[in-house]
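Next comes entry27.cif, with mmCIF, C-alpha atoms and all ligand atoms.
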```cif
data_entry
loop_
_atom_site.label_atom_id
_atom_site.label_comp_id
_atom_site.auth_asym_id
_atom_site.auth_seq_id
_atom_site.Cartn_x
_atom_site.Cartn_y
_atom_site.Cartn_z
CA MET A 1 -3.79 -8.38 -3.29
CA GLU A 2 -3.14 -5.15 -5.20
CA LEU A 3 -4.48 -2.95 -2.39
CA ALA A 4 -2.41 -4.80 0.21
CA GLU A 5 0.72 -4.33 -1.94
CA ARG A 6 -0.03 -0.65 -2.33
CA ILE A 7 -0.31 -0.21 1.46
CA LEU A 8 2.99 -2.03 1.99
CA THR A 9 4.84 0.19 -0.44
CA LYS A 10 3.37 3.38 1.03
CA ALA A 11 3.87 2.56 4.72
CA THR A 12 6.65 4.59 6.38
CA PRO A 13 7.56 5.44 9.97
CA THR A 14 5.42 8.59 9.71
CA ILE A 15 2.58 6.97 7.76
CA PRO A 16 2.08 3.71 9.65
CA ALA A 17 0.48 0.71 8.00
CA ASP A 18 -2.47 0.59 10.41
CA LEU A 19 -3.37 4.21 9.58
CA LEU A 20 -3.07 3.56 5.84
CA LEU A 21 -5.21 0.48 6.21
CA ARG A 22 -7.93 2.38 8.06
CA GLN A 23 -7.90 5.18 5.49
CA THR A 24 -7.83 2.84 2.50
CA LEU A 25 -10.60 0.59 3.73
CA SER A 26 -12.87 3.41 4.87
CA ARG A 27 -12.61 5.02 1.41
CA ARG A 28 -13.57 1.79 -0.33
CA LYS A 29 -17.00 1.18 1.05
CA GLN A 30 -17.77 -1.22 -1.85
CA LEU A 31 -15.29 -3.74 -0.43
CA SER A 32 -16.97 -6.68 1.26
CA ARG A 33 -16.28 -7.30 4.94
CA ALA A 34 -14.39 -10.48 3.95
CA ASP A 35 -12.18 -8.62 1.44
CA SER A 36 -11.36 -5.88 3.97
CA ALA A 37 -10.50 -8.49 6.60
CA TRP A 38 -8.27 -10.32 4.10
CA ILE A 39 -6.36 -7.12 3.21
CA SER A 40 -5.80 -6.27 6.88
CA ARG A 41 -4.63 -9.79 7.63
CA ALA A 42 -2.27 -9.81 4.64
CA VAL A 43 -0.66 -6.48 5.59
CA PHE A 44 -0.24 -7.39 9.26
CA SER A 45 1.04 -10.89 8.39
CA TYR A 46 3.69 -9.36 6.13
CA PHE A 47 5.13 -7.25 8.97
CA ARG A 48 4.73 -10.07 11.49
CA TRP A 49 6.69 -12.57 9.38
CA ARG A 50 8.93 -10.11 7.58
CA GLN A 51 12.21 -11.69 8.62
CA TRP A 52 11.11 -15.08 7.29
CA LEU A 53 10.18 -13.81 3.81
CA ASP A 54 12.27 -14.19 0.68
CA GLU A 55 12.96 -10.59 -0.29
CA SER A 56 14.08 -11.61 -3.78
CA LEU A 57 10.47 -12.55 -4.60
CA PRO A 58 7.86 -10.06 -5.85
CA LEU A 59 5.81 -8.46 -3.09
CA ALA A 60 2.72 -10.49 -4.02
CA ALA A 61 4.63 -13.73 -3.49
CA GLN A 62 6.00 -12.49 -0.16
CA LEU A 63 2.43 -11.74 0.93
CA GLU A 64 1.48 -15.33 0.06
CA GLN A 65 4.43 -16.56 2.12
CA ALA A 66 3.43 -14.38 5.06
CA LEU A 67 -0.18 -15.58 4.99
CA ALA A 68 0.99 -19.20 4.82
CA LYS A 69 3.23 -18.58 7.85
CA SER A 70 0.29 -17.08 9.75
CA ASP A 71 -1.94 -20.05 8.91
CA ASP A 72 0.75 -22.50 9.94
CA PHE A 73 1.36 -20.69 13.23
CA ALA A 74 -2.36 -20.53 14.03
CA ILE A 75 -2.61 -24.31 13.66
CA ASN A 76 0.48 -25.03 15.73
CA PRO A 77 2.60 -22.27 17.27
CA ALA A 78 5.29 -24.85 18.06
CA ASN A 79 5.96 -25.13 14.32
CA ILE A 80 8.20 -22.10 14.81
CA PRO A 81 11.17 -23.39 16.79
CA ASP A 82 12.40 -21.27 19.69
CA ASP A 83 15.72 -20.53 18.02
CA GLU A 84 13.92 -18.82 15.11
CA LEU A 85 11.89 -16.54 17.35
CA VAL A 86 14.52 -13.78 17.51
CA ARG A 87 13.44 -12.97 13.95
CA THR A 88 10.14 -11.62 15.24
CA VAL A 89 11.74 -8.36 16.45
CA PRO A 90 14.69 -6.17 15.51
CA ALA A 91 18.00 -7.22 17.06
CA TRP A 92 18.27 -4.15 19.33
CA THR A 93 15.20 -5.28 21.28
CA GLY A 94 17.37 -7.77 23.19
CA GLU A 95 19.36 -4.85 24.60
CA VAL A 96 16.38 -3.08 26.14
CA LEU A 97 14.52 -6.02 27.67
CA THR A 98 15.09 -9.71 28.31
CA LEU A 99 13.68 -11.64 25.37
CA THR A 100 11.72 -14.76 26.25
CA PRO A 101 10.27 -17.35 23.84
CA GLU A 102 6.88 -16.79 25.47
CA TRP A 103 6.79 -13.06 24.67
CA LEU A 104 8.23 -13.49 21.17
CA ARG A 105 5.76 -16.26 20.36
CA SER A 106 2.87 -14.12 21.63
CA LEU A 107 3.82 -11.43 19.10
CA GLN A 108 3.16 -13.81 16.21
CA ALA A 109 -0.42 -14.65 17.16
CA GLU A 110 -3.29 -12.65 15.72
CA PRO A 111 -4.41 -10.31 18.49
CA VAL A 112 -7.60 -10.56 20.47
CA LEU A 113 -10.17 -7.80 19.96
CA TRP A 114 -11.32 -6.36 23.29
CA LEU A 115 -14.34 -4.17 23.85
CA ARG A 116 -15.35 -2.10 26.82
CA ALA A 117 -19.12 -1.96 27.08
CA ARG A 118 -20.71 1.03 28.77
CA ALA A 119 -22.24 -0.39 31.95
CA ALA A 120 -25.83 0.48 30.98
CA PHE A 121 -25.46 -1.39 27.66
CA LEU A 122 -23.55 -4.45 28.86
CA THR A 123 -26.42 -6.91 28.44
CA GLU A 124 -27.42 -5.54 25.05
CA VAL A 125 -23.85 -5.52 23.73
CA THR A 126 -23.21 -9.04 25.03
CA SER A 127 -26.31 -10.45 23.40
CA THR A 128 -26.01 -8.53 20.11
CA LEU A 129 -22.33 -8.91 19.28
CA THR A 130 -21.66 -12.59 18.87
CA PRO A 131 -19.57 -14.47 19.63
CA CYS A 132 -18.38 -12.43 22.54
CA GLU A 133 -17.41 -13.38 26.06
CA ALA A 134 -16.53 -11.76 29.36
CA ALA A 135 -12.88 -11.09 30.27
CA PRO A 136 -11.21 -13.84 32.31
CA SER A 137 -11.24 -11.84 35.56
CA PRO A 138 -14.14 -10.36 37.56
CA ALA A 139 -12.12 -7.13 38.00
CA PHE A 140 -13.09 -6.27 34.43
CA THR A 141 -16.80 -5.84 34.86
CA THR A 142 -17.50 -4.49 31.37
CA ALA A 143 -14.68 -5.96 29.23
CA LEU A 144 -15.66 -8.32 26.42
CA ARG A 145 -13.63 -10.40 24.02
CA TYR A 146 -15.11 -10.23 20.51
CA ASP A 147 -14.47 -13.07 18.07
CA GLY A 148 -17.00 -12.13 15.41
CA GLN A 149 -16.46 -10.73 11.93
CA GLU A 150 -18.59 -7.58 11.95
CA ASP A 151 -17.11 -4.18 11.21
CA LEU A 152 -17.65 -2.82 14.70
CA PHE A 153 -16.88 0.80 13.83
CA ARG A 154 -19.97 0.81 11.61
CA HIS A 155 -22.17 -1.02 14.09
CA ASP A 156 -25.27 0.82 15.34
CA LEU A 157 -24.38 0.05 18.96
CA PHE A 158 -20.92 1.56 18.46
CA GLN A 159 -22.41 4.66 16.86
CA ALA A 160 -24.81 4.88 19.82
CA GLY A 161 -21.86 4.91 22.25
CA ALA A 162 -22.75 1.53 23.76
CA PHE A 163 -19.17 0.29 23.67
CA GLU A 164 -15.59 1.29 22.94
CA ILE A 165 -12.89 -0.78 21.30
CA GLN A 166 -10.19 -0.81 23.97
CA ASP A 167 -7.39 -3.24 24.65
CA LEU A 168 -7.65 -5.18 27.91
CA ALA A 169 -4.33 -3.90 29.30
CA SER A 170 -5.53 -0.34 28.64
CA GLN A 171 -8.71 -1.18 30.52
CA ALA A 172 -6.53 -2.44 33.39
CA VAL A 173 -5.09 1.07 33.70
CA GLY A 174 -8.53 2.57 34.34
CA VAL A 175 -9.40 -0.23 36.78
CA ILE A 176 -6.18 0.46 38.72
CA CYS A 177 -6.83 4.22 38.79
CA ALA A 178 -10.21 3.36 40.35
CA PRO A 179 -11.50 6.95 40.35
CA GLN A 180 -14.55 7.50 42.54
CA PRO A 181 -17.75 9.32 41.54
CA GLY A 182 -17.42 13.00 42.40
CA GLU A 183 -13.61 13.09 42.27
CA THR A 184 -11.48 15.30 40.06
CA TRP A 185 -8.89 13.55 37.90
CA TRP A 186 -6.33 14.68 35.35
CA ASP A 187 -5.60 12.42 32.39
CA ALA A 188 -2.38 14.21 31.50
CA CYS A 189 -1.59 12.43 28.21
CA ALA A 190 -5.18 11.88 27.16
CA GLY A 191 -4.56 11.49 23.43
CA GLU A 192 -7.79 10.45 21.74
CA GLY A 193 -9.36 9.83 25.11
CA GLY A 194 -9.53 6.04 25.47
CA LYS A 195 -8.72 6.27 29.17
CA THR A 196 -10.50 9.59 29.74
CA LEU A 197 -13.74 7.92 28.70
CA HIS A 198 -13.04 4.93 30.92
CA LEU A 199 -12.29 7.15 33.94
CA SER A 200 -15.48 9.10 33.27
CA ASP A 201 -17.50 5.87 33.11
CA LEU A 202 -15.93 4.58 36.34
CA MET A 203 -16.93 7.88 37.94
CA GLU A 204 -20.49 7.29 36.69
CA GLY A 205 -20.36 10.68 35.00
CA LYS A 206 -20.01 12.45 38.39
CA GLY A 207 -17.00 14.67 39.10
CA LEU A 208 -14.61 15.91 36.45
CA VAL A 209 -11.80 14.56 34.28
CA TRP A 210 -9.32 17.05 32.86
CA ALA A 211 -7.97 15.65 29.60
CA SER A 212 -4.77 17.22 28.30
CA ASP A 213 -2.47 16.41 25.42
CA ARG A 214 0.05 18.28 23.34
CA ALA A 215 -1.63 17.21 20.08
CA GLU A 216 -4.72 19.24 19.31
CA TRP A 217 -5.92 16.80 16.65
CA ARG A 218 -5.99 14.03 19.22
CA LEU A 219 -8.10 16.14 21.55
CA GLN A 220 -10.47 16.80 18.65
CA ARG A 221 -10.90 13.05 18.25
CA LEU A 222 -11.50 12.81 21.99
CA LYS A 223 -14.33 15.34 21.67
CA GLN A 224 -15.94 13.30 18.88
CA ARG A 225 -15.66 10.12 20.91
CA ALA A 226 -16.96 11.78 24.05
CA GLY A 227 -19.93 13.14 22.11
CA ARG A 228 -20.77 9.67 20.83
CA ALA A 229 -20.36 8.18 24.31
CA GLY A 230 -22.47 10.88 25.95
CA CYS A 231 -19.55 11.73 28.23
CA PHE A 232 -19.89 15.27 29.53
CA ASN A 233 -17.87 15.37 32.75
CA TYR A 234 -14.57 16.17 31.09
CA ARG A 235 -12.68 19.25 30.06
CA SER A 236 -10.01 19.12 27.37
CA VAL A 237 -7.00 21.37 27.27
CA LEU A 238 -3.72 21.60 25.39
CA TRP A 239 -0.65 20.91 27.50
CA ASN A 240 2.84 20.30 26.15
CA GLY A 241 4.08 18.46 29.20
CA GLY A 242 6.09 21.44 30.45
CA ALA A 243 6.62 22.60 34.02
CA LYS A 244 3.49 24.75 33.93
CA PRO A 245 0.39 22.61 34.40
CA PRO A 246 -2.70 23.58 32.41
CA THR A 247 -4.76 24.49 35.49
CA LYS A 248 -4.48 25.50 39.14
CA THR A 249 -6.79 22.62 40.06
CA ILE A 250 -5.48 20.24 42.71
CA PHE A 251 -6.51 16.72 41.77
CA ASP A 252 -7.64 13.61 43.60
CA GLY A 253 -5.72 11.62 41.02
CA VAL A 254 -3.50 12.05 37.99
CA LEU A 255 -2.92 9.49 35.26
CA VAL A 256 0.24 9.85 33.18
CA ASP A 257 -0.33 7.46 30.27
CA ALA A 258 2.95 8.55 28.80
CA PRO A 259 4.29 8.52 25.24
CA CYS A 260 6.56 5.49 24.93
CA SER A 261 8.37 3.23 22.49
CA GLY A 262 5.23 1.05 22.26
CA LEU A 263 6.95 -2.36 22.43
CA GLY A 264 3.86 -3.65 24.24
CA THR A 265 1.76 -3.10 21.11
CA TRP A 266 4.00 -5.01 18.71
CA GLY A 267 1.64 -7.99 18.61
CA ARG A 268 -1.32 -5.86 17.56
CA ASN A 269 0.71 -3.50 15.40
CA PRO A 270 3.60 -5.42 13.79
CA HIS A 271 4.66 -2.58 11.46
CA ALA A 272 5.77 -0.65 14.57
CA ARG A 273 8.47 -3.29 15.25
CA TRP A 274 10.34 -2.10 12.18
CA THR A 275 9.84 1.63 12.60
CA ALA A 276 10.68 1.97 16.32
CA ARG A 277 14.28 3.07 16.97
CA PRO A 278 16.43 2.13 19.96
CA GLU A 279 16.95 5.86 20.63
CA ASP A 280 13.18 6.15 21.20
CA VAL A 281 13.59 4.13 24.37
CA SER A 282 16.19 6.39 25.97
CA GLU A 283 14.68 9.63 24.68
CA LEU A 284 11.15 8.78 25.79
CA ALA A 285 12.35 7.64 29.21
CA VAL A 286 13.51 11.24 29.75
CA VAL A 287 10.13 12.61 28.60
CA GLN A 288 8.33 10.19 30.94
CA LYS A 289 10.39 11.28 33.96
CA ASP A 290 9.74 14.94 33.12
CA LEU A 291 6.00 14.37 32.75
CA LEU A 292 5.79 12.63 36.11
CA HIS A 293 7.80 15.38 37.76
CA HIS A 294 5.64 18.10 36.23
CA VAL A 295 2.31 16.75 37.50
CA THR A 296 3.37 16.24 41.10
CA GLY A 297 2.42 19.74 42.28
CA SER A 298 -1.16 19.19 41.10
CA ILE A 299 -1.96 16.24 43.39
CA ARG A 300 -3.58 16.73 46.78
CA PRO A 301 -2.15 15.08 49.90
CA GLY A 302 -3.50 11.53 49.83
CA GLY A 303 -4.13 11.83 46.07
CA LYS A 304 -3.01 9.20 43.57
CA LEU A 305 -0.47 9.27 40.77
CA VAL A 306 -0.69 6.46 38.21
CA TYR A 307 2.03 5.96 35.61
CA ALA A 308 1.30 3.75 32.60
CA VAL A 309 3.24 2.92 29.45
CA CYS A 310 2.41 0.37 26.75
CA THR A 311 6.01 -0.71 26.56
CA LEU A 312 8.26 -3.24 28.26
CA SER A 313 11.77 -1.80 28.01
CA ARG A 314 13.53 -1.58 31.38
CA ALA A 315 14.47 2.06 30.83
CA GLU A 316 10.84 3.16 30.39
CA THR A 317 9.31 1.04 33.14
CA VAL A 318 11.10 0.09 36.36
CA GLU A 319 13.91 2.58 35.81
CA VAL A 320 11.46 5.47 35.43
CA ALA A 321 9.54 4.29 38.51
CA ASP A 322 12.81 3.98 40.49
CA ALA A 323 13.94 7.44 39.41
CA PHE A 324 10.58 8.96 40.34
CA ALA A 325 10.55 7.29 43.76
CA ALA A 326 14.11 8.51 44.48
CA ALA A 327 13.34 12.08 43.40
CA HIS A 328 9.96 12.36 45.14
CA PRO A 329 9.99 11.21 48.74
CA GLU A 330 6.72 13.12 49.22
CA PHE A 331 5.09 10.22 47.33
CA GLU A 332 4.76 6.71 48.73
CA PRO A 333 3.97 3.49 46.84
CA CYS A 334 0.23 2.93 46.47
CA PRO A 335 -0.45 -0.82 46.27
CA PHE A 336 -3.34 -1.95 44.08
CA ALA A 337 -4.90 -5.29 43.19
CA ASN A 338 -3.70 -6.82 39.93
CA PRO A 339 -6.93 -6.89 37.85
CA PHE A 340 -5.74 -10.13 36.23
CA ALA A 341 -5.18 -11.79 39.63
CA PRO A 342 -7.46 -9.91 42.03
CA THR A 343 -6.87 -12.27 44.93
CA ALA A 344 -3.06 -12.00 44.78
CA ALA A 345 -1.23 -9.68 47.18
CA PRO A 346 -1.54 -6.04 46.11
CA THR A 347 1.44 -4.51 44.36
CA ASP A 348 2.47 -0.96 43.51
CA ARG A 349 4.08 -1.95 40.19
CA LEU A 350 2.80 -4.31 37.54
CA THR A 351 4.18 -5.52 34.24
CA LEU A 352 1.49 -7.01 32.03
CA TRP A 353 2.83 -9.43 29.43
CA PRO A 354 0.68 -10.18 26.36
CA GLN A 355 1.25 -13.92 26.66
CA GLU A 356 -0.29 -13.84 30.16
CA THR A 357 -3.20 -11.47 29.57
CA GLY A 358 -4.23 -11.67 25.92
CA GLY A 359 -3.86 -7.87 25.77
CA ASN A 360 -1.03 -5.47 24.98
CA GLY A 361 2.12 -5.32 27.06
CA MET A 362 1.86 -2.60 29.70
CA PHE A 363 3.67 -1.32 32.79
CA ILE A 364 1.73 0.41 35.55
CA ALA A 365 3.01 1.98 38.78
CA ALA A 366 1.07 3.94 41.40
CA TRP A 367 1.98 6.30 44.20
CA ARG A 368 0.05 8.31 46.74
CA ARG A 369 1.06 11.76 47.90
CA ARG A 370 1.92 11.45 51.56
CA THR A 371 -0.59 13.18 53.78
CA ASP A 372 2.23 14.56 55.91
CA ALA A 373 3.86 16.10 52.79
CA VAL A 374 3.60 19.86 52.40
CA ALA A 375 1.16 20.64 49.56
CA THR A 376 3.14 22.39 46.83
CA THR A 377 1.56 24.98 44.61
CA PRO A 378 1.59 24.13 40.91
CA GLU A 379 4.10 26.25 39.07
CA SER A 380 1.32 27.78 36.97
CA SER A 381 -0.55 29.16 39.94
CA GLU A 382 0.19 32.83 39.33
CA ALA A 383 -1.06 33.05 35.80
CA PRO A 384 -3.35 30.39 34.40
CA THR A 385 -3.56 30.70 30.63
CA ALA A 386 -6.73 31.96 29.03
CA GLU A 387 -6.81 28.78 26.99
CA ALA A 388 -6.57 26.59 30.05
CA GLU A 389 -9.26 28.44 31.90
CA ALA A 390 -11.66 28.76 28.98
CA PRO A 391 -14.54 26.33 29.35
CA ASP A 392 -14.56 23.58 26.79
CA THR A 393 -17.49 24.66 24.69
CA SER A 394 -17.88 21.27 23.09
CA ASN A 395 -18.66 19.95 26.51
CA PRO A 396 -22.26 20.77 27.42
CA SER A 397 -21.80 20.24 31.14
C1 LIG B 1 0.12 6.59 25.07
S1 LIG B 1 -0.54 7.93 24.26
C2 LIG B 1 -1.99 8.27 25.17
C3 LIG B 1 -3.13 7.35 24.89
C4 LIG B 1 -4.41 7.77 25.58
N1 LIG B 1 -4.23 8.00 26.98
C5 LIG B 1 -5.53 6.77 25.38
O1 LIG B 1 -5.81 5.99 26.28
O2 LIG B 1 -6.13 6.77 24.31
C6 LIG B 1 0.52 9.23 24.76
C7 LIG B 1 0.02 10.62 24.43
O3 LIG B 1 0.98 11.54 24.95
C8 LIG B 1 0.99 12.66 24.10
N2 LIG B 1 2.27 13.34 24.34
C9 LIG B 1 3.45 13.09 23.80
N3 LIG B 1 4.39 13.89 24.31
C10 LIG B 1 3.76 14.69 25.18
C11 LIG B 1 4.17 15.74 26.01
N4 LIG B 1 5.45 16.13 26.07
N5 LIG B 1 3.23 16.35 26.74
C12 LIG B 1 1.94 15.98 26.71
N6 LIG B 1 1.49 14.95 25.95
C13 LIG B 1 2.38 14.34 25.20
C14 LIG B 1 0.81 12.12 22.71
O4 LIG B 1 0.27 13.11 21.86
C15 LIG B 1 -0.12 10.93 22.95
O5 LIG B 1 -1.43 11.31 22.72
#
```
Written form, structure tokens:
Amino acid sequence: MELAERILTKATPTIPADLLLRQTLSRRKQLSRADSAWISRAVFSYFRWRQWLDESLPLAAQLEQALAKSDDFAINPANIPDDELVRTVPAWTGEVLTLTPEWLRSLQAEPVLWLRARAAFLTEVTSTLTPCEAAPSPAFTTALRYDGQEDLFRHDLFQAGAFEIQDLASQAVGVICAPQPGETWWDACAGEGGKTLHLSDLMEGKGLVWASDRAEWRLQRLKQRAGRAGCFNYRSVLWNGGAKPPTKTIFDGVLVDAPCSGLGTWGRNPHARWTARPEDVSELAVVQKDLLHHVTGSIRPGGKLVYAVCTLSRAETVEVADAFAAAHPEFEPCPFANPFAPTAAPTDRLTLWPQETGGNGMFIAAWRRRTDAVATTPESSEAPTAEAEAPDTSNPS
């Protein structure tokens, strides 16, 4: 209880509760698995049920209330009447998307843990990590739902690179990109590389994935993860999202997994509900449009552009896609199969709702550069930076 209270009092918008939890628990190796799980559950329950708690009570008592709410909801979600559900999110959320009881209710459930097994280890991972079951759609050939209690980050199979912990909606992004072995892709907002590694796996290690991000520390994490996963067909490079791309390379496909307000992750990460600001939505929509605009010159005729955001606000999803389509007639919609409904008619835009998928909320749109469009030269073509052109020495290709 004391550790959970300490995390709650320390959590701020810049030091999020999930980061504090990870740091706190990894430092206290003497804690049993059950104690660690209890602390995590208590902290997340507090933020999930925050607007139901009696703030006049000491923090410890509020934690008890939050845990009781979680238990009650797990037994019967209908115990929370629809008219109380607006308490699950800050009031401004209703201005940026249409609130439905289904979405709000989904935010109160404890999230599903999804794994992405590396294809060569699928059988071993499936039989070793129990209970675990395949995703509900054949489009996800290596996705597994894990309902066990083990600390997966410390598991030998994880350390051996046999699987990644990756949300199912994030896996849908890679499936929709559908990069082919031998192609060259650019993961423009690669962060810690969750999708870079997936693209590399889908390409069976053949071809190349450029992974850029503006945060060097994230790219460092990507290198660690890639090392563990035995992923060598990538090159990482700093890029701040500006008009000058990090390379002259013309790509078969570009993924812009853009920074966003993250409303789609509020089920998994309830602290973020109370630290996100409504201005984030409008400000990040501008960043997203700029990022899309700035990668266009790096895509070959016939090449793909995939836009993904783990948010659900109108301004960051359909409005960005509409603005891009209006500004870039040299791109046409590129319909793809919905991985959650592979037999449905293909679509070029998809909103994934947590209550329908069991994963995070996500918006994905795809375009293809028209083959009759004149190939533009990336604005960086005259002078590639030394940094961009330097081989990634951590990458023993
Ligand atoms: C949604 S996260 C990417 C997650 C990552 N693709 C993954 O699957 O693990 C967005 C990333 O965009 C990066 N970012 C934010 N603003 C940027 C900008 N202006 N240019 C380039 N990257 C940016 C952030 O550092 C963050 O890593």
Do you know which residues are at most 8 Å from Pro259 in chain A counting all atoms listed in the file, after dropping those on the same chain fewer than 2 positions away, and could you put them as a compact mmCIF listing (two decimals) with C-alpha atoms, keeping the file's coordinate frame?
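Done, and the output landed in result23.txt:
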```
# COMPACT_ATOMS: atom_id res chain seq x y z
CA CYS A 189 -1.59 12.43 28.21
CA ASP A 257 -0.33 7.46 30.27
CA SER A 261 8.37 3.23 22.49
CA LEU A 284 11.15 8.78 25.79
CA VAL A 287 10.13 12.61 28.60
CA GLN A 288 8.33 10.19 30.94
CA VAL A 309 3.24 2.92 29.45
```
Fewer than 6 positions away in the same chain doesn't count, so skip those; otherwise give me all residues within 7 Å of Gln355 in chain A, counting only C-alpha atoms, as a PDB file with C-alpha atoms, in the frame of the given file.
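Once everything was written out, this is around02.pdb:
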```pdb
ATOM      1  CA  GLU A 102       6.880 -16.790  25.470  1.00  0.00           C
ATOM      2  CA  TRP A 103       6.790 -13.060  24.670  1.00  0.00           C
ATOM      3  CA  SER A 106       2.870 -14.120  21.630  1.00  0.00           C
TER       4      SER A 106
END
```
> What gap, in Å, lies between CA of Lys195 in chain A and CA of Ser45 in chain A?
Replying inline: 28.7 Å
>> Neighbours of ligand LIG 1 (chain B) at 9 Å or closer, counting all atoms listed in the file: which residues, as a ChimeraX atom specification?
In response: /A:166,170-171,173,187-198,211-219,222,238-242,255-260,262,284,287-288,290-291,308-310
>> Using Å and a single decimal, report how far CA of Leu67 in chain A sits from CA of Ala42 in chain A.
In response: 6.1 Å
> Of the candidates A:Trp266, A:Trp186, A:Trp274, A:Trp353, which shows the shortest atom-to-atom distance to Ser298 in chain A, using only C-alpha atoms?
Replying inline: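 Ranked by minimum distance to Ser298 in chain A, first place goes to A:Trp186.
Of the residues listed (A:Val89, A:Leu144, A:Val254, A:Ala66), A:Leu144 shows the shortest atom-to-atom separation from Thr130 in chain A; distances use only C-alpha atoms.
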> Hey, which of A:Ala119, A:Glu5, A:Gly94, A:Ser40 ends up closest to Leu59 in chain A? Count only C-alpha atoms.
Replying inline: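 Smallest separation from Leu59 in chain A among the options: A:Glu5.
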So which residues are close to (0.2, -6.5, 28.7), meaning at most 6 Å away in the file's coordinates with all atoms listed in the file counted, and can you show them as a short mmCIF file (atom, residue, chain, number, x, y, z; two decimals) with C-alpha atoms, in the coordinates of the input?
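Writing done, so here's selection07.cif:
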```cif
data_model
loop_
_atom_site.label_atom_id
_atom_site.label_comp_id
_atom_site.auth_asym_id
_atom_site.auth_seq_id
_atom_site.Cartn_x
_atom_site.Cartn_y
_atom_site.Cartn_z
CA ALA A 169 -4.33 -3.90 29.30
CA LEU A 352 1.49 -7.01 32.03
CA TRP A 353 2.83 -9.43 29.43
CA PRO A 354 0.68 -10.18 26.36
CA GLY A 359 -3.86 -7.87 25.77
CA ASN A 360 -1.03 -5.47 24.98
CA GLY A 361 2.12 -5.32 27.06
CA MET A 362 1.86 -2.60 29.70
#
```
> For Val306 in chain A, which of A:Gly182, A:Pro245, A:Pro101, A:Gly174 is the closest residue, counting all atoms listed in the file?
Replying inline: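 Result for the nearest residue to Val306 in chain A: A:Gly174.
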> Which value, in Å to one decimal, gives the distance between CA of Glu164 in chain A and CA of Ser236 in chain A?
Replying inline: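 Here the two named atoms are 19.2 Å from each other.
Minimum atom-to-atom distances from A:Gln65, A:Asn269, A:Thr311, A:Thr343 to Asp18 in chain A were compared using all atoms listed in the file, and the lowest value belongs to A:Asn269.
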>> Between A:Tyr146, A:Phe324, A:Phe331, A:Phe251, which residue has the minimum interatomic distance to Arg300 in chain A, considering all atoms listed in the file?
In response: A:Phe251
>> Excluding Gly205 in chain A and its own-chain neighbours fewer than 4 positions away, which residues fall within 10 Å of it when counting all atoms listed in the file? Please give them as a ChimeraX atom specification.
In response: /A:181-182,197,199-201,209,230-234
